[in-house]
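Colleague: Contents are JSON, C-alpha atoms; file name my_file-v5.json:
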[["chain", "number", "residue", "atom", "x", "y", "z"],
["A", 1, "MET", "CA", -28.09, -7.81, -12.65],
["A", 2, "SER", "CA", -27.08, -4.20, -13.05],
["A", 3, "VAL", "CA", -23.74, -3.10, -14.45],
["A", 4, "GLN", "CA", -22.79, -1.75, -11.02],
["A", 5, "GLU", "CA", -23.59, -5.07, -9.32],
["A", 6, "ARG", "CA", -21.57, -6.97, -11.91],
["A", 7, "LYS", "CA", -18.58, -4.63, -11.41],
["A", 8, "GLU", "CA", -18.79, -5.04, -7.64],
["A", 9, "ARG", "CA", -18.92, -8.82, -7.99],
["A", 10, "GLU", "CA", -15.94, -8.81, -10.35],
["A", 11, "ARG", "CA", -14.03, -6.56, -7.95],
["A", 12, "ALA", "CA", -14.73, -8.94, -5.06],
["A", 13, "VAL", "CA", -13.56, -11.90, -7.16],
["A", 14, "ARG", "CA", -10.33, -10.07, -8.05],
["A", 15, "GLU", "CA", -9.75, -9.18, -4.41],
["A", 16, "ARG", "CA", -10.20, -12.80, -3.31],
["A", 17, "LEU", "CA", -7.80, -13.87, -6.05],
["A", 18, "ILE", "CA", -5.17, -11.38, -4.88],
["A", 19, "VAL", "CA", -5.46, -12.55, -1.27],
["A", 20, "ALA", "CA", -5.44, -16.24, -2.19],
["A", 21, "THR", "CA", -2.43, -15.78, -4.46],
["A", 22, "ALA", "CA", -0.52, -13.78, -1.84],
["A", 23, "ARG", "CA", -1.28, -16.43, 0.74],
["A", 24, "GLU", "CA", -0.19, -19.26, -1.57],
["A", 25, "LEU", "CA", 3.02, -17.48, -2.50],
["A", 26, "ALA", "CA", 3.80, -16.67, 1.14],
["A", 27, "GLU", "CA", 3.21, -20.27, 2.22],
["A", 28, "GLN", "CA", 5.46, -21.55, -0.58],
["A", 29, "GLN", "CA", 8.28, -19.01, -0.49],
["A", 30, "GLY", "CA", 7.77, -16.74, 2.52],
["A", 31, "TRP", "CA", 6.42, -13.23, 2.82],
["A", 32, "ASP", "CA", 9.55, -11.67, 1.29],
["A", 33, "ALA", "CA", 8.53, -13.27, -2.00],
["A", 34, "VAL", "CA", 5.17, -11.51, -1.96],
["A", 35, "THR", "CA", 5.55, -8.35, -4.02],
["A", 36, "THR", "CA", 3.00, -6.45, -6.06],
["A", 37, "ARG", "CA", 5.01, -7.24, -9.19],
["A", 38, "ARG", "CA", 4.95, -11.00, -8.53],
["A", 39, "LEU", "CA", 1.29, -10.93, -7.57],
["A", 40, "ALA", "CA", 0.41, -9.00, -10.72],
["A", 41, "GLU", "CA", 2.28, -11.54, -12.83],
["A", 42, "ARG", "CA", 0.65, -14.51, -11.12],
["A", 43, "ILE", "CA", -2.92, -13.23, -11.32],
["A", 44, "GLU", "CA", -2.37, -11.69, -14.76],
["A", 45, "TYR", "CA", -3.49, -8.20, -13.83],
["A", 46, "SER", "CA", -1.45, -5.02, -13.85],
["A", 47, "GLN", "CA", 0.08, -3.56, -10.71],
["A", 48, "PRO", "CA", -2.32, -0.60, -10.84],
["A", 49, "VAL", "CA", -5.20, -3.10, -10.61],
["A", 50, "LEU", "CA", -3.65, -4.50, -7.42],
["A", 51, "TYR", "CA", -3.24, -0.99, -6.05],
["A", 52, "SER", "CA", -6.90, -0.30, -6.79],
["A", 53, "HIS", "CA", -7.69, -3.03, -4.22],
["A", 54, "PHE", "CA", -4.82, -2.69, -1.73],
["A", 55, "ARG", "CA", -2.49, 0.24, -1.10],
["A", 56, "GLY", "CA", 0.41, -2.16, -0.69],
["A", 57, "LYS", "CA", 1.77, -5.32, 0.83],
["A", 58, "ARG", "CA", 0.80, -4.29, 4.36],
["A", 59, "GLU", "CA", -2.89, -4.22, 3.43],
["A", 60, "ILE", "CA", -2.57, -7.56, 1.65],
["A", 61, "ILE", "CA", -1.02, -9.03, 4.80],
["A", 62, "GLY", "CA", -3.95, -7.55, 6.74],
["A", 63, "ALA", "CA", -6.45, -9.22, 4.43],
["A", 64, "VAL", "CA", -4.67, -12.57, 4.85],
["A", 65, "ALA", "CA", -4.62, -12.02, 8.63],
["A", 66, "LEU", "CA", -8.37, -11.43, 8.75],
["A", 67, "GLU", "CA", -9.06, -14.52, 6.64],
["A", 68, "GLY", "CA", -6.69, -16.57, 8.80],
["A", 69, "ALA", "CA", -8.19, -15.32, 12.06],
["A", 70, "ALA", "CA", -11.61, -16.48, 10.88],
["A", 71, "GLU", "CA", -10.15, -19.90, 10.03],
["A", 72, "LEU", "CA", -8.40, -20.12, 13.40],
["A", 73, "ALA", "CA", -11.67, -19.39, 15.20],
["A", 74, "VAL", "CA", -13.41, -22.15, 13.23],
["A", 75, "ALA", "CA", -10.58, -24.61, 13.96],
["A", 76, "VAL", "CA", -10.60, -23.88, 17.69],
["A", 77, "ARG", "CA", -14.38, -24.14, 17.96],
["A", 78, "ALA", "CA", -14.45, -27.38, 15.97],
["A", 79, "ALA", "CA", -11.74, -28.90, 18.18],
["A", 80, "THR", "CA", -13.42, -27.91, 21.44],
["A", 81, "ALA", "CA", -16.98, -28.76, 20.40],
["A", 82, "THR", "CA", -16.59, -32.49, 20.95],
["A", 83, "ALA", "CA", -14.26, -32.39, 23.95],
["A", 84, "ASP", "CA", -15.68, -33.82, 27.16],
["A", 85, "GLY", "CA", -15.26, -31.38, 30.03],
["A", 86, "PRO", "CA", -13.35, -28.14, 30.62],
["A", 87, "ARG", "CA", -9.85, -29.64, 30.84],
["A", 88, "ALA", "CA", -10.36, -31.65, 27.65],
["A", 89, "ARG", "CA", -11.67, -28.52, 25.89],
["A", 90, "VAL", "CA", -8.60, -26.53, 26.91],
["A", 91, "ALA", "CA", -6.26, -29.31, 25.73],
["A", 92, "ALA", "CA", -8.16, -29.55, 22.43],
["A", 93, "LEU", "CA", -7.97, -25.78, 22.03],
["A", 94, "ALA", "CA", -4.20, -25.83, 22.61],
["A", 95, "ARG", "CA", -3.67, -28.64, 20.11],
["A", 96, "ALA", "CA", -5.85, -26.93, 17.49],
["A", 97, "TYR", "CA", -4.02, -23.62, 17.95],
["A", 98, "LEU", "CA", -0.57, -25.20, 17.67],
["A", 99, "ASP", "CA", -1.66, -27.33, 14.72],
["A", 100, "PHE", "CA", -2.96, -24.22, 12.94],
["A", 101, "ALA", "CA", 0.40, -22.51, 13.43],
["A", 102, "VAL", "CA", 2.25, -25.51, 11.97],
["A", 103, "ARG", "CA", -0.10, -26.05, 9.01],
["A", 104, "ASN", "CA", -0.36, -22.34, 8.09],
["A", 105, "PRO", "CA", 2.95, -20.68, 8.94],
["A", 106, "ALA", "CA", 2.59, -17.69, 6.60],
["A", 107, "VAL", "CA", -0.99, -17.07, 7.69],
["A", 108, "TYR", "CA", 0.04, -17.40, 11.33],
["A", 109, "ASP", "CA", 2.77, -14.83, 10.73],
["A", 110, "ALA", "CA", 0.28, -12.50, 9.03],
["A", 111, "ILE", "CA", -2.03, -12.70, 12.05],
["A", 112, "PHE", "CA", 0.52, -12.52, 14.84],
["A", 113, "GLN", "CA", 3.98, -11.52, 13.63],
["A", 114, "LEU", "CA", 3.89, -9.14, 10.68],
["A", 115, "ASP", "CA", 2.78, -5.55, 10.44],
["A", 116, "SER", "CA", -0.69, -5.81, 8.98],
["A", 117, "GLY", "CA", -1.82, -2.35, 9.94],
["A", 118, "LEU", "CA", -4.71, -3.90, 11.86],
["A", 119, "PRO", "CA", -5.59, -2.66, 15.35],
["A", 120, "TYR", "CA", -5.53, -5.35, 18.03],
["A", 121, "ALA", "CA", -7.23, -5.22, 21.44],
["A", 122, "GLN", "CA", -8.96, -1.95, 20.64],
["A", 123, "GLU", "CA", -12.47, -0.74, 20.02],
["A", 124, "ASP", "CA", -11.91, -0.72, 16.25],
["A", 125, "THR", "CA", -10.35, -4.19, 16.08],
["A", 126, "PRO", "CA", -11.85, -5.96, 13.05],
["A", 127, "GLU", "CA", -14.49, -8.58, 13.82],
["A", 128, "PRO", "CA", -12.50, -11.65, 12.65],
["A", 129, "LEU", "CA", -9.73, -10.81, 15.14],
["A", 130, "LYS", "CA", -12.25, -10.27, 17.93],
["A", 131, "ASP", "CA", -13.93, -13.55, 17.06],
["A", 132, "ALA", "CA", -10.65, -15.49, 17.12],
["A", 133, "PHE", "CA", -10.03, -14.19, 20.64],
["A", 134, "ALA", "CA", -13.64, -14.99, 21.57],
["A", 135, "ALA", "CA", -13.12, -18.57, 20.37],
["A", 136, "LEU", "CA", -10.24, -18.89, 22.85],
["A", 137, "LEU", "CA", -12.17, -17.16, 25.63],
["A", 138, "GLU", "CA", -15.14, -19.52, 25.26],
["A", 139, "SER", "CA", -13.11, -22.45, 26.57],
["A", 140, "LEU", "CA", -10.49, -20.67, 28.63],
["A", 141, "GLY", "CA", -12.84, -18.41, 30.56],
["A", 142, "GLU", "CA", -14.30, -21.37, 32.43],
["A", 143, "VAL", "CA", -10.87, -22.47, 33.73],
["A", 144, "ALA", "CA", -9.46, -19.08, 34.72],
["A", 145, "GLY", "CA", -9.91, -19.71, 38.43],
["A", 146, "ASP", "CA", -11.54, -17.72, 41.21],
["A", 147, "GLY", "CA", -10.76, -14.03, 41.17],
["A", 148, "VAL", "CA", -9.00, -14.18, 37.79],
["A", 149, "HIS", "CA", -10.49, -12.11, 34.99],
["A", 150, "PRO", "CA", -11.35, -14.55, 32.14],
["A", 151, "GLY", "CA", -10.06, -12.17, 29.45],
["A", 152, "LEU", "CA", -6.76, -11.67, 31.23],
["A", 153, "PHE", "CA", -6.35, -15.42, 31.72],
["A", 154, "THR", "CA", -7.10, -15.97, 28.04],
["A", 155, "GLU", "CA", -4.39, -13.46, 27.11],
["A", 156, "VAL", "CA", -1.83, -15.25, 29.30],
["A", 157, "PHE", "CA", -2.78, -18.71, 28.01],
["A", 158, "TRP", "CA", -2.72, -17.43, 24.44],
["A", 159, "ALA", "CA", 0.73, -15.92, 25.07],
["A", 160, "ALA", "CA", 1.95, -19.32, 26.28],
["A", 161, "LEU", "CA", 0.58, -21.01, 23.15],
["A", 162, "HIS", "CA", 2.06, -18.32, 20.93],
["A", 163, "GLY", "CA", 5.44, -18.80, 22.57],
["A", 164, "LEU", "CA", 5.25, -22.55, 22.06],
["A", 165, "ALA", "CA", 4.19, -22.13, 18.44],
["A", 166, "THR", "CA", 6.88, -19.57, 17.68],
["A", 167, "LEU", "CA", 9.70, -21.42, 19.42],
["A", 168, "THR", "CA", 8.74, -24.76, 17.90],
["A", 169, "ARG", "CA", 8.52, -23.30, 14.39],
["A", 170, "ALA", "CA", 11.93, -21.65, 14.89],
["A", 171, "ARG", "CA", 13.31, -25.06, 15.90],
["A", 172, "ARG", "CA", 14.15, -23.79, 19.38],
["A", 173, "LEU", "CA", 11.96, -26.51, 20.89],
["A", 174, "PRO", "CA", 11.84, -30.11, 19.63],
["A", 175, "PRO", "CA", 8.47, -30.82, 17.99],
["A", 176, "GLU", "CA", 8.28, -34.35, 19.41],
["A", 177, "ASP", "CA", 7.63, -32.89, 22.88],
["A", 178, "THR", "CA", 4.69, -30.73, 21.80],
["A", 179, "GLU", "CA", 2.06, -32.95, 23.44],
["A", 180, "ARG", "CA", 3.96, -32.95, 26.74],
["A", 181, "ARG", "CA", 4.15, -29.16, 26.61],
["A", 182, "VAL", "CA", 0.42, -28.93, 25.92],
["A", 183, "GLN", "CA", -0.32, -31.10, 28.94],
["A", 184, "LEU", "CA", 2.02, -29.05, 31.12],
["A", 185, "VAL", "CA", 0.42, -25.75, 30.10],
["A", 186, "VAL", "CA", -3.07, -27.17, 30.64],
["A", 187, "ASP", "CA", -2.18, -28.76, 33.97],
["A", 188, "ARG", "CA", -0.39, -25.72, 35.37],
["A", 189, "LEU", "CA", -2.60, -22.92, 34.07],
["A", 190, "ALA", "CA", -6.14, -24.28, 33.81],
["A", 191, "VAL", "CA", -8.04, -24.48, 37.10],
["A", 192, "VAL", "CA", -10.73, -27.13, 37.00]]
Could the structure of this file be written out as C-alpha cells, please?

Modeller:
Amino acid sequence: MSVQERKERERAVRERLIVATARELAEQQGWDAVTTRRLAERIEYSQPVLYSHFRGKREIIGAVALEGAAELAVAVRAATATADGPRARVAALARAYLDFAVRNPAVYDAIFQLDSGLPYAQEDTPEPLKDAFAALLESLGEVAGDGVHPGLFTEVFWAALHGLATLTRARRLPPEDTERRVQLVVDRLAVV
C-alpha cells in the first residue's frame, strides 16, 4: 500500500469516527452538546483536525443526515419486503418510518429538522437522500390512486408521517395511539 493510500484510509477512518462520535453525543445529549471542542476531546484529536474534515457543525450534521438517510432507506425496504400486498406494505412502511424516528431522534432531526446544508428535492440532492425518498416511493407509488402523480402522493404521505413523528416526539400526541394513527393514514390516503 502506498503512503498516499494509507493516508486516505486513515483520513476516512478519522471522518467516520467524527461522525459516529457526533451522532452518539447528539443522541445522548442533543445537538446543542455537539461542538467541535467536545468532539475533539472525545476523539482525542485537535480542533484543526476536525476542521480539516468538516468546516463546522453544519457539515457534521449533513454527514449524519446522509448516513441516517441510508439507514432509513434500508429500514423501510426491510419492513416492506415481507409485507403481503400493497396495503400491508404501506402500513409496514409507516411503522418502520415512525419507529426510526423514535429510535434515532438526533439522526431524524439531522435528516429532517436541522440545517445540514444539504439540498433537498433538487438535481444536486445527494444520493442517500434520493434513495430514502425512493424507498418510500417504491411502496407508496402503487397506492397513489388514478390520476395522482406517485411522487406527489409520496410527498403528502411522507408529510403525514413526519407530522406524526414530530408531534409524537414532542409529546403533543399520545404514543399509545400510534398504531391507530398509522391505520387511519393508511386507510384514508392509500388507494388499493

Colleague: Quote the spacing between CA of Tyr51 (chain A) and CA of Val19 (chain A) in Å to one decimal place.

Modeller: 12.7 Å

Colleague: Taking all atoms listed in the file into account, which of A:Leu129, A:Ala88, A:Asp109, A:Arg171 comes nearest Val186 (chain A)?

Modeller: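 Closest to Val186 (chain A), using all atoms listed in the file: A:Ala88.
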
Colleague: Counting all atoms listed in the file, which of A:Gly141, A:Gly62, A:Pro175, A:Gly151 gets nearest to Val102 (chain A)?

Modeller: A:Pro175

Colleague: Report as JSON, numbers by chain all protein, DNA and RNA residues lying within 10 Å of Thr168 (chain A), evaluated on all atoms listed in the file, omitting residues in the same chain fewer than 3 positions from it.

Modeller: {"A": [98, 101, 102, 162, 163, 164, 165, 171, 172, 173, 174, 175, 176, 177, 178]}

Colleague: Just the selected residues (C-alpha atoms), exported as a short mmCIF file (atom, residue, chain, number, x, y, z; two decimals), in the coordinates of the input, please.

Modeller:
data_model
loop_
_atom_site.label_atom_id
_atom_site.label_comp_id
_atom_site.auth_asym_id
_atom_site.auth_seq_id
_atom_site.Cartn_x
_atom_site.Cartn_y
_atom_site.Cartn_z
CA LEU A 98 -0.57 -25.20 17.67
CA ALA A 101 0.40 -22.51 13.43
CA VAL A 102 2.25 -25.51 11.97
CA HIS A 162 2.06 -18.32 20.93
CA GLY A 163 5.44 -18.80 22.57
CA LEU A 164 5.25 -22.55 22.06
CA ALA A 165 4.19 -22.13 18.44
CA ARG A 171 13.31 -25.06 15.90
CA ARG A 172 14.15 -23.79 19.38
CA LEU A 173 11.96 -26.51 20.89
CA PRO A 174 11.84 -30.11 19.63
CA PRO A 175 8.47 -30.82 17.99
CA GLU A 176 8.28 -34.35 19.41
CA ASP A 177 7.63 -32.89 22.88
CA THR A 178 4.69 -30.73 21.80
#

Colleague: Identify which of the residues A:Ala91, A:Val13, A:Ala83, A:Leu114 lies closest to Ile61 (chain A), counting all atoms listed in the file when measuring atom-to-atom distances.

Modeller: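 Of A:Ala91, A:Val13, A:Ala83, A:Leu114, the one nearest Ile61 (chain A) is A:Leu114, counting all atoms listed in the file.
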
Colleague: Counting only C-alpha atoms, which of A:Leu66, A:Val90, A:Ala134, A:Ala75 gets nearest to Pro119 (chain A)?

Modeller: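 Of A:Leu66, A:Val90, A:Ala134, A:Ala75, the one nearest Pro119 (chain A) is A:Leu66, counting only C-alpha atoms.
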
Colleague: Quick check, in Å to one decimal: how far apart do CA of Leu137 (chain A) and CA of Thr154 (chain A) lie?

Modeller: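 Here the two named atoms are 5.7 Å from each other.
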